[in-house]
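Novice: Structure: input_4.tsv, TSV, C-alpha atoms.
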chain	number	residue	atom	x	y	z
A	1	MET	CA	7.59	-3.53	-29.20
A	2	TYR	CA	5.15	-6.38	-29.69
A	3	GLN	CA	5.17	-8.36	-32.90
A	4	LYS	CA	2.70	-10.87	-34.29
A	5	ASN	CA	3.31	-13.65	-36.79
A	6	GLY	CA	1.09	-14.63	-39.65
A	7	GLY	CA	-1.23	-11.61	-39.68
A	8	SER	CA	-4.89	-12.59	-39.85
A	9	ASN	CA	-4.46	-15.75	-41.93
A	10	ASN	CA	-7.02	-18.23	-40.57
A	11	SER	CA	-5.30	-21.18	-42.30
A	12	LEU	CA	-2.44	-21.17	-39.79
A	13	ASN	CA	-2.17	-24.27	-37.60
A	14	ALA	CA	0.00	-22.71	-34.88
A	15	HIS	CA	-1.45	-20.11	-32.53
A	16	GLU	CA	-0.64	-16.50	-33.38
A	17	ILE	CA	1.20	-14.83	-30.50
A	18	ASP	CA	2.64	-11.44	-29.64
A	19	TYR	CA	5.95	-11.12	-27.83
A	20	GLU	CA	8.59	-8.77	-26.47
A	21	ILE	CA	12.19	-9.59	-25.52
A	22	PHE	CA	13.70	-7.86	-22.49
A	23	GLY	CA	17.24	-7.56	-21.17
A	24	GLU	CA	20.74	-7.62	-22.57
A	25	GLU	CA	23.01	-10.37	-21.17
A	26	MET	CA	20.32	-12.40	-19.35
A	27	GLN	CA	17.24	-12.04	-21.52
A	28	TYR	CA	13.68	-13.21	-21.14
A	29	VAL	CA	10.79	-13.24	-23.59
A	30	GLU	CA	7.32	-12.07	-22.59
A	31	ILE	CA	4.51	-13.60	-24.65
A	32	GLU	CA	1.07	-12.04	-24.78
A	33	LEU	CA	-1.77	-14.52	-25.26
A	34	ASP	CA	-5.22	-13.67	-26.53
A	35	PRO	CA	-8.14	-15.77	-25.24
A	36	GLU	CA	-7.70	-19.47	-26.18
A	37	GLU	CA	-4.11	-18.95	-27.35
A	38	GLY	CA	-1.29	-21.09	-26.01
A	39	VAL	CA	2.45	-21.54	-25.94
A	40	ILE	CA	4.69	-24.57	-25.28
A	41	ALA	CA	8.02	-24.46	-23.46
A	42	GLU	CA	10.84	-26.67	-22.26
A	43	ALA	CA	10.62	-27.69	-18.61
A	44	GLY	CA	12.56	-25.24	-16.44
A	45	SER	CA	12.30	-22.20	-18.73
A	46	PHE	CA	9.18	-20.69	-17.08
A	47	MET	CA	9.71	-17.35	-15.34
A	48	MET	CA	6.33	-15.74	-14.48
A	49	MET	CA	2.73	-15.44	-15.69
A	50	ASP	CA	-0.43	-13.44	-15.14
A	51	ASP	CA	-3.36	-14.75	-13.17
A	52	GLY	CA	-5.76	-16.72	-15.34
A	53	ILE	CA	-3.23	-18.68	-17.39
A	54	LYS	CA	-3.60	-22.46	-17.14
A	55	MET	CA	-0.43	-24.57	-17.05
A	56	GLU	CA	-0.54	-28.17	-18.33
A	57	THR	CA	2.18	-30.84	-18.57
A	58	ILE	CA	2.03	-32.73	-21.89
A	59	PHE	CA	3.83	-35.57	-23.67
A	60	GLY	CA	6.21	-34.24	-26.31
A	61	ASP	CA	5.16	-30.91	-27.78
A	62	GLY	CA	1.44	-31.61	-28.07
A	63	SER	CA	1.38	-30.53	-31.73
A	64	GLN	CA	-0.40	-33.70	-32.92
A	65	ASN	CA	-3.88	-34.24	-31.55
A	66	ASP	CA	-4.82	-37.45	-33.34
A	67	THR	CA	-1.81	-39.75	-33.02
A	68	GLY	CA	-3.24	-41.78	-30.17
A	69	PHE	CA	-1.58	-42.70	-26.90
A	70	LEU	CA	1.15	-44.90	-28.40
A	71	GLY	CA	1.98	-42.24	-30.96
A	72	LYS	CA	2.36	-39.65	-28.24
A	73	ILE	CA	4.60	-42.00	-26.24
A	74	PHE	CA	6.80	-42.59	-29.29
A	75	GLY	CA	7.00	-38.88	-30.10
A	76	ALA	CA	7.92	-37.99	-26.54
A	77	GLY	CA	10.43	-40.85	-26.34
A	78	LYS	CA	12.39	-39.45	-29.28
A	79	ARG	CA	13.10	-36.37	-27.16
A	80	LEU	CA	15.21	-38.51	-24.84
A	81	LEU	CA	17.74	-38.83	-27.66
A	82	THR	CA	18.36	-35.08	-27.49
A	83	GLY	CA	18.82	-35.19	-23.72
A	84	GLU	CA	15.50	-33.42	-23.07
A	85	SER	CA	12.63	-34.40	-20.81
A	86	LEU	CA	9.78	-36.65	-21.96
A	87	PHE	CA	7.41	-33.83	-21.09
A	88	MET	CA	6.85	-30.24	-22.09
A	89	THR	CA	4.69	-27.57	-20.50
A	90	ALA	CA	1.81	-25.79	-22.24
A	91	PHE	CA	0.38	-22.47	-21.07
A	92	TYR	CA	-3.15	-21.41	-22.12
A	93	ASN	CA	-5.16	-18.25	-21.68
A	94	ASN	CA	-8.61	-19.56	-20.79
A	95	LEU	CA	-10.10	-16.22	-19.77
A	96	THR	CA	-11.26	-13.10	-21.59
A	97	GLY	CA	-8.72	-10.38	-22.19
A	98	LYS	CA	-5.01	-10.63	-22.81
A	99	ARG	CA	-2.65	-12.48	-20.47
A	100	LYS	CA	1.16	-12.58	-20.37
A	101	VAL	CA	3.62	-15.38	-19.64
A	102	SER	CA	7.43	-15.07	-19.60
A	103	PHE	CA	10.30	-17.49	-20.19
A	104	ALA	CA	13.92	-16.87	-19.20
A	105	SER	CA	17.17	-17.77	-20.92
A	106	PRO	CA	19.09	-20.50	-19.03
A	107	TYR	CA	22.49	-18.73	-19.12
A	108	PRO	CA	23.96	-15.46	-20.47
A	109	GLY	CA	23.23	-14.91	-24.14
A	110	LYS	CA	20.52	-13.86	-26.57
A	111	ILE	CA	16.99	-15.03	-27.34
A	112	LEU	CA	16.25	-15.32	-31.06
A	113	ALA	CA	12.71	-15.24	-32.47
A	114	ILE	CA	12.21	-17.44	-35.55
A	115	ASP	CA	9.09	-17.10	-37.70
A	116	LEU	CA	8.77	-20.51	-39.35
A	117	LEU	CA	6.57	-19.03	-42.08
A	118	GLU	CA	9.62	-17.12	-43.31
A	119	HIS	CA	11.74	-20.30	-43.45
A	120	LYS	CA	9.49	-22.67	-45.41
A	121	GLY	CA	8.07	-24.19	-42.25
A	122	LYS	CA	11.26	-25.69	-40.81
A	123	PHE	CA	14.29	-24.58	-38.80
A	124	ILE	CA	17.08	-26.82	-37.47
A	125	CYS	CA	18.76	-25.93	-34.18
A	126	GLN	CA	21.20	-27.24	-31.60
A	127	LYS	CA	19.58	-29.78	-29.28
A	128	ASP	CA	19.61	-27.51	-26.21
A	129	ALA	CA	18.75	-24.24	-28.01
A	130	PHE	CA	14.93	-24.46	-28.03
A	131	LEU	CA	13.21	-22.27	-25.42
A	132	CYS	CA	9.50	-21.98	-26.29
A	133	ALA	CA	7.09	-21.74	-29.24
A	134	ALA	CA	3.52	-21.04	-30.23
A	135	LYS	CA	1.16	-23.93	-29.57
A	136	GLY	CA	1.01	-26.03	-32.73
A	137	VAL	CA	4.72	-25.89	-33.57
A	138	SER	CA	6.26	-29.38	-33.74
A	139	VAL	CA	9.53	-29.95	-31.86
A	140	GLY	CA	11.27	-33.07	-33.18
A	141	ILE	CA	14.74	-34.43	-33.87
A	142	GLU	CA	16.85	-34.16	-37.02
A	143	PHE	CA	19.03	-37.25	-37.45
A	144	SER	CA	22.28	-37.17	-39.35
A	145	LYS	CA	22.13	-39.09	-42.63
A	146	LYS	CA	25.89	-39.41	-42.91
A	147	LEU	CA	27.96	-41.90	-40.92
A	148	GLY	CA	30.91	-39.55	-40.44
A	149	ARG	CA	28.72	-36.81	-39.05
A	150	GLY	CA	27.12	-39.26	-36.65
A	151	LEU	CA	30.42	-40.68	-35.37
A	152	PHE	CA	32.34	-37.43	-35.03
A	153	GLY	CA	29.76	-34.67	-34.94
A	154	GLY	CA	29.78	-34.37	-31.16
A	155	GLU	CA	27.28	-31.73	-30.08
A	156	GLY	CA	26.12	-31.32	-33.68
A	157	PHE	CA	25.15	-34.97	-34.25
A	158	ILE	CA	21.52	-34.93	-33.17
A	159	MET	CA	19.83	-31.62	-33.90
A	160	GLN	CA	16.31	-30.46	-33.13
A	161	LYS	CA	13.91	-29.57	-35.91
A	162	LEU	CA	11.17	-26.99	-35.40
A	163	GLU	CA	8.33	-27.37	-37.89
A	164	GLY	CA	5.09	-25.52	-38.49
A	165	ASP	CA	3.87	-22.03	-39.30
A	166	GLY	CA	4.25	-20.22	-35.98
A	167	LEU	CA	6.78	-18.34	-33.91
A	168	THR	CA	9.48	-20.22	-32.04
A	169	PHE	CA	12.23	-18.94	-29.74
A	170	VAL	CA	15.74	-20.32	-29.39
A	171	HIS	CA	18.56	-19.33	-27.06
A	172	ALA	CA	22.19	-18.63	-27.96
A	173	GLY	CA	25.06	-18.37	-25.49
A	174	GLY	CA	27.21	-15.25	-25.45
A	175	THR	CA	27.05	-13.10	-28.57
A	176	LEU	CA	24.86	-14.14	-31.51
A	177	ALA	CA	26.15	-13.92	-35.09
A	178	LYS	CA	23.92	-14.20	-38.17
A	179	LYS	CA	25.56	-15.38	-41.38
A	180	VAL	CA	23.69	-15.27	-44.69
A	181	LEU	CA	25.36	-17.74	-47.08
A	182	LYS	CA	25.04	-17.49	-50.83
A	183	ARG	CA	24.73	-20.60	-52.97
A	184	GLY	CA	27.97	-22.57	-52.71
A	185	GLU	CA	29.42	-20.30	-50.01
A	186	THR	CA	30.97	-22.27	-47.12
A	187	LEU	CA	31.34	-21.51	-43.42
A	188	ARG	CA	33.37	-23.64	-40.99
A	189	VAL	CA	32.24	-23.54	-37.37
A	190	ASP	CA	33.02	-25.31	-34.10
A	191	THR	CA	30.22	-27.89	-33.77
A	192	GLY	CA	29.19	-26.56	-30.36
A	193	CYS	CA	28.95	-22.98	-31.61
A	194	ILE	CA	26.09	-23.73	-34.00
A	195	VAL	CA	22.76	-22.34	-32.82
A	196	GLY	CA	20.74	-23.30	-35.88
A	197	PHE	CA	20.27	-22.92	-39.61
A	198	THR	CA	17.60	-22.93	-42.29
A	199	GLN	CA	16.71	-26.22	-43.96
A	200	ASP	CA	18.43	-25.42	-47.29
A	201	VAL	CA	21.87	-25.26	-45.67
A	202	ASN	CA	24.00	-28.35	-46.31
A	203	TYR	CA	25.61	-29.50	-43.04
A	204	ASP	CA	28.57	-31.86	-42.75
A	205	ILE	CA	31.61	-32.66	-40.57
A	206	GLU	CA	35.15	-31.98	-41.78
A	207	PHE	CA	38.50	-33.20	-40.40
A	208	VAL	CA	40.74	-30.36	-39.21
A	209	GLY	CA	43.84	-32.02	-40.67
A	210	GLY	CA	47.50	-31.85	-39.69
A	211	ILE	CA	49.21	-33.70	-36.84
A	212	LYS	CA	50.02	-30.54	-34.88
A	213	ASN	CA	46.49	-29.20	-35.28
A	214	THR	CA	45.01	-32.51	-34.15
A	215	ILE	CA	47.26	-33.08	-31.13
A	216	PHE	CA	48.12	-29.58	-29.94
A	217	GLY	CA	45.46	-27.33	-31.45
A	218	GLY	CA	43.03	-27.69	-28.57
A	219	GLU	CA	40.05	-27.14	-30.91
A	220	GLY	CA	39.04	-30.74	-31.54
A	221	MET	CA	39.62	-32.97	-34.55
A	222	PHE	CA	36.50	-31.97	-36.47
A	223	PHE	CA	34.48	-28.89	-37.23
A	224	ALA	CA	31.16	-28.28	-38.92
A	225	LYS	CA	31.05	-27.34	-42.58
A	226	LEU	CA	27.94	-25.39	-43.59
A	227	GLN	CA	27.28	-24.60	-47.23
A	228	GLY	CA	24.70	-22.18	-48.58
A	229	PRO	CA	22.30	-21.02	-49.66
A	230	GLY	CA	20.68	-20.22	-46.34
A	231	ILE	CA	21.02	-18.54	-42.96
A	232	VAL	CA	23.25	-19.78	-40.14
A	233	TYR	CA	23.20	-18.54	-36.53
A	234	VAL	CA	26.39	-18.93	-34.48
A	235	GLN	CA	26.95	-18.45	-30.73
A	236	SER	CA	30.19	-17.31	-29.12
A	237	LEU	CA	29.66	-19.23	-25.86
A	238	PRO	CA	28.06	-22.71	-26.11
A	239	PHE	CA	26.94	-24.11	-22.78
A	240	SER	CA	29.31	-27.09	-23.02
A	241	ARG	CA	32.27	-24.71	-23.27
A	242	LEU	CA	31.01	-22.63	-20.34
A	243	ALA	CA	30.49	-25.74	-18.20
A	244	GLY	CA	33.93	-27.08	-19.14
A	245	ARG	CA	35.65	-23.88	-18.03
A	246	VAL	CA	33.77	-23.94	-14.73
A	247	LEU	CA	34.78	-27.55	-14.10
A	248	GLN	CA	38.41	-26.75	-14.90
A	249	SER	CA	38.42	-24.00	-12.28
A	250	ILE	CA	37.24	-26.32	-9.50
A	251	PRO	CA	40.25	-27.36	-7.35
A	252	SER	CA	40.93	-31.09	-7.50
A	253	GLY	CA	41.14	-32.87	-4.18
A	254	GLU	CA	40.94	-29.71	-2.10
A	255	LYS	CA	38.38	-27.24	-0.89
A	256	SER	CA	38.02	-23.73	-2.20
A	257	ARG	CA	40.59	-21.34	-0.84
A	258	GLY	CA	38.11	-18.50	-0.68
A	259	GLU	CA	39.49	-16.40	-3.52
A	260	GLY	CA	38.31	-12.81	-3.41
A	261	SER	CA	37.55	-12.84	0.31
A	262	ILE	CA	39.64	-11.01	2.89
A	263	LEU	CA	38.71	-13.69	5.41
A	264	GLY	CA	39.64	-16.53	3.03
A	265	GLY	CA	38.20	-19.87	4.18
A	266	LEU	CA	36.73	-18.28	7.30
A	267	GLY	CA	34.56	-16.12	5.06
A	268	ASN	CA	32.83	-19.24	3.74
A	269	LEU	CA	31.22	-19.69	7.14
A	270	LEU	CA	29.43	-16.37	6.69
A	271	ASP	CA	28.42	-16.43	3.03
A	272	GLY	CA	25.08	-18.20	3.51
A	273	ASP	CA	25.85	-21.07	1.12
A	274	ASN	CA	27.45	-23.79	3.20
A	275	ARG	CA	27.04	-27.50	2.56
A	276	PHE	CA	28.31	-30.00	5.10
Hey, can you dump this file as structure tokens for me?
Specialist:
Amino acid sequence: MYQKNGGSNNSLNAHEIDYEIFGEEMQYVEIELDPEEGVIAEAGSFMMMDDGIKMETIFGDGSQNDTGFLGKIFGAGKRLLTGESLFMTAFYNNLTGKRKVSFASPYPGKILAIDLLEHKGKFICQKDAFLCAAKGVSVGIEFSKKLGRGLFGGEGFIMQKLEGDGLTFVHAGGTLAKKVLKRGETLRVDTGCIVGFTQDVNYDIEFVGGIKNTIFGGEGMFFAKLQGPGIVYVQSLPFSRLAGRVLQSIPSGEKSRGEGSILGGLGNLLDGDNRF
């Protein structure tokens, strides 16, 4: 089912786009572009597109058209702090008729559509959660204003902020949980499990406490404390946790023993993925 943000309001700055999300564990979002409409995306998220769509590499997110060359360089340079590329990719429909372009999730999880008009024009998300957005949405960084959060926040230290009046899409690993917090209500979350939250949510870092918890708990010394009112999205499988488990399973100082293969190591010669 296609959905459109903003209705027919001509005062919108971001392009109005239709979309449909497909799949269960490995989702992708298909965006339908009317003539002259566009969408921006992180490098590496592109999946497929119809003939007639123009692809263009741009500095930053391309949301500001009058900042000048130095302004664009500065805006793109800030993205390095989040570990992202200096560049983004824009896709435009320059022909008559509707055209479709699709973007895939980077690992198993869910794609979440966020209408910034419904969240007062701003949404804050984990630095690697952003997938794509309507052209005109600004993708920036949200610095921590508290020293403790900056020193101990880990994955939650530098967040991305999505600003504007259009649709944006973020990715969550594993299962996605939506928590609606009332005023004063508090939720404690592993810093890596945060997908994003609305701008009214107060975000801070809290010490776990207790010697046994700190040394033997295995959950880290700090967790995120989120206080309402607002909406918080939580993921069950952050990419850092997934990557850590994969690295732990790699044998140290020895080659793979060919688990799951009747031929063992000999089977590796036949599997089509051999690196010498």
Novice: Excluding A:Gly164 and any residue of its chain fewer than 3 positions from it, enumerate the residues within 7 Å of it, using all atoms listed in the file, and give them as a count of residues only.
Specialist: 6
Novice: Need to verify the contact set: stretch 166-178 of chain A, 9 Å, all atoms listed in the file, exclusion of same-chain residues closer than 5 positions in sequence. Can you return it as an NGL selection string?
Specialist: :A and (4-6 or 12-17 or 25 or 29 or 105-117 or 121 or 125 or 128-137 or 193-196 or 231-239 or 242)
Novice: Quote the spacing between atom CA of A:Val101 and atom CA of A:Thr198 in Å to one decimal place.
Specialist: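 Separating atom CA of A:Val101 from atom CA of A:Thr198 is a distance of 27.7 Å.
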Novice: Between atom CA of A:Phe103 and atom CA of A:Ala41, what is the spacing in Å?
Specialist: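 These atoms are spaced 8.0 Å apart.
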Novice: From the options A:Gly230, A:Val246, A:His119, A:Ile21, which residue's atoms come nearest to A:Asp165, counting all atoms listed in the file?
Specialist: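 Among A:Gly230, A:Val246, A:His119, A:Ile21, it is A:His119 that comes nearest to A:Asp165.
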Novice: What lies within 9 Å of A:Phe91 using all atoms listed in the file, ignoring chain neighbours under 3 positions off, as a PyMOL selection string?
Specialist: chain A and resi 37-41+53-57+101+135
Novice: In Å, rounded to a single decimal, give me how far atom CA of A:Gln199 is from atom CA of A:Leu162.
Specialist: 10.2 Å
Novice: So, with all atoms listed in the file as the atoms that count, which of A:Glu163, A:Asp200, A:Glu142, A:Glu20 lies closest to A:Leu181?
Specialist: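 Result for the nearest residue to A:Leu181: A:Asp200.
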Novice: Find, counting all atoms listed in the file, the residue in A:Lys161, A:Ala224, A:Phe46, A:Asp204 that gets nearest to A:Arg188.
Specialist: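 That would be A:Ala224, the residue with the smallest distance to A:Arg188.
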Novice: Write out as a list in words each polymer residue whose atoms come within 12 Å of A:Asn202, counting all atoms listed in the file; drop sequence neighbours fewer than 5 positions from it.
Specialist: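 Result of the neighbour search: Ile124, Ser144, Lys145, Lys146, Leu181, Lys182, Arg183, Gly184, Glu185, Thr186, Leu187, Arg188, Phe197, Ala224, Lys225, Leu226, Gln227, Gly228, Pro229, Gly230, Ile231 and Val232 of chain A.
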Novice: With C-alpha atoms retained, export the selected residues as a PDB file, keeping the file's coordinate frame.
Specialist:
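Now in selection.pdb:
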ATOM      1  CA  ILE A 124      17.080 -26.820 -37.470  1.00  0.00           C
ATOM      2  CA  SER A 144      22.280 -37.170 -39.350  1.00  0.00           C
ATOM      3  CA  LYS A 145      22.130 -39.090 -42.630  1.00  0.00           C
ATOM      4  CA  LYS A 146      25.890 -39.410 -42.910  1.00  0.00           C
ATOM      5  CA  LEU A 181      25.360 -17.740 -47.080  1.00  0.00           C
ATOM      6  CA  LYS A 182      25.040 -17.490 -50.830  1.00  0.00           C
ATOM      7  CA  ARG A 183      24.730 -20.600 -52.970  1.00  0.00           C
ATOM      8  CA  GLY A 184      27.970 -22.570 -52.710  1.00  0.00           C
ATOM      9  CA  GLU A 185      29.420 -20.300 -50.010  1.00  0.00           C
ATOM     10  CA  THR A 186      30.970 -22.270 -47.120  1.00  0.00           C
ATOM     11  CA  LEU A 187      31.340 -21.510 -43.420  1.00  0.00           C
ATOM     12  CA  ARG A 188      33.370 -23.640 -40.990  1.00  0.00           C
ATOM     13  CA  PHE A 197      20.270 -22.920 -39.610  1.00  0.00           C
ATOM     14  CA  ALA A 224      31.160 -28.280 -38.920  1.00  0.00           C
ATOM     15  CA  LYS A 225      31.050 -27.340 -42.580  1.00  0.00           C
ATOM     16  CA  LEU A 226      27.940 -25.390 -43.590  1.00  0.00           C
ATOM     17  CA  GLN A 227      27.280 -24.600 -47.230  1.00  0.00           C
ATOM     18  CA  GLY A 228      24.700 -22.180 -48.580  1.00  0.00           C
ATOM     19  CA  PRO A 229      22.300 -21.020 -49.660  1.00  0.00           C
ATOM     20  CA  GLY A 230      20.680 -20.220 -46.340  1.00  0.00           C
ATOM     21  CA  ILE A 231      21.020 -18.540 -42.960  1.00  0.00           C
ATOM     22  CA  VAL A 232      23.250 -19.780 -40.140  1.00  0.00           C
TER      23      VAL A 232
END
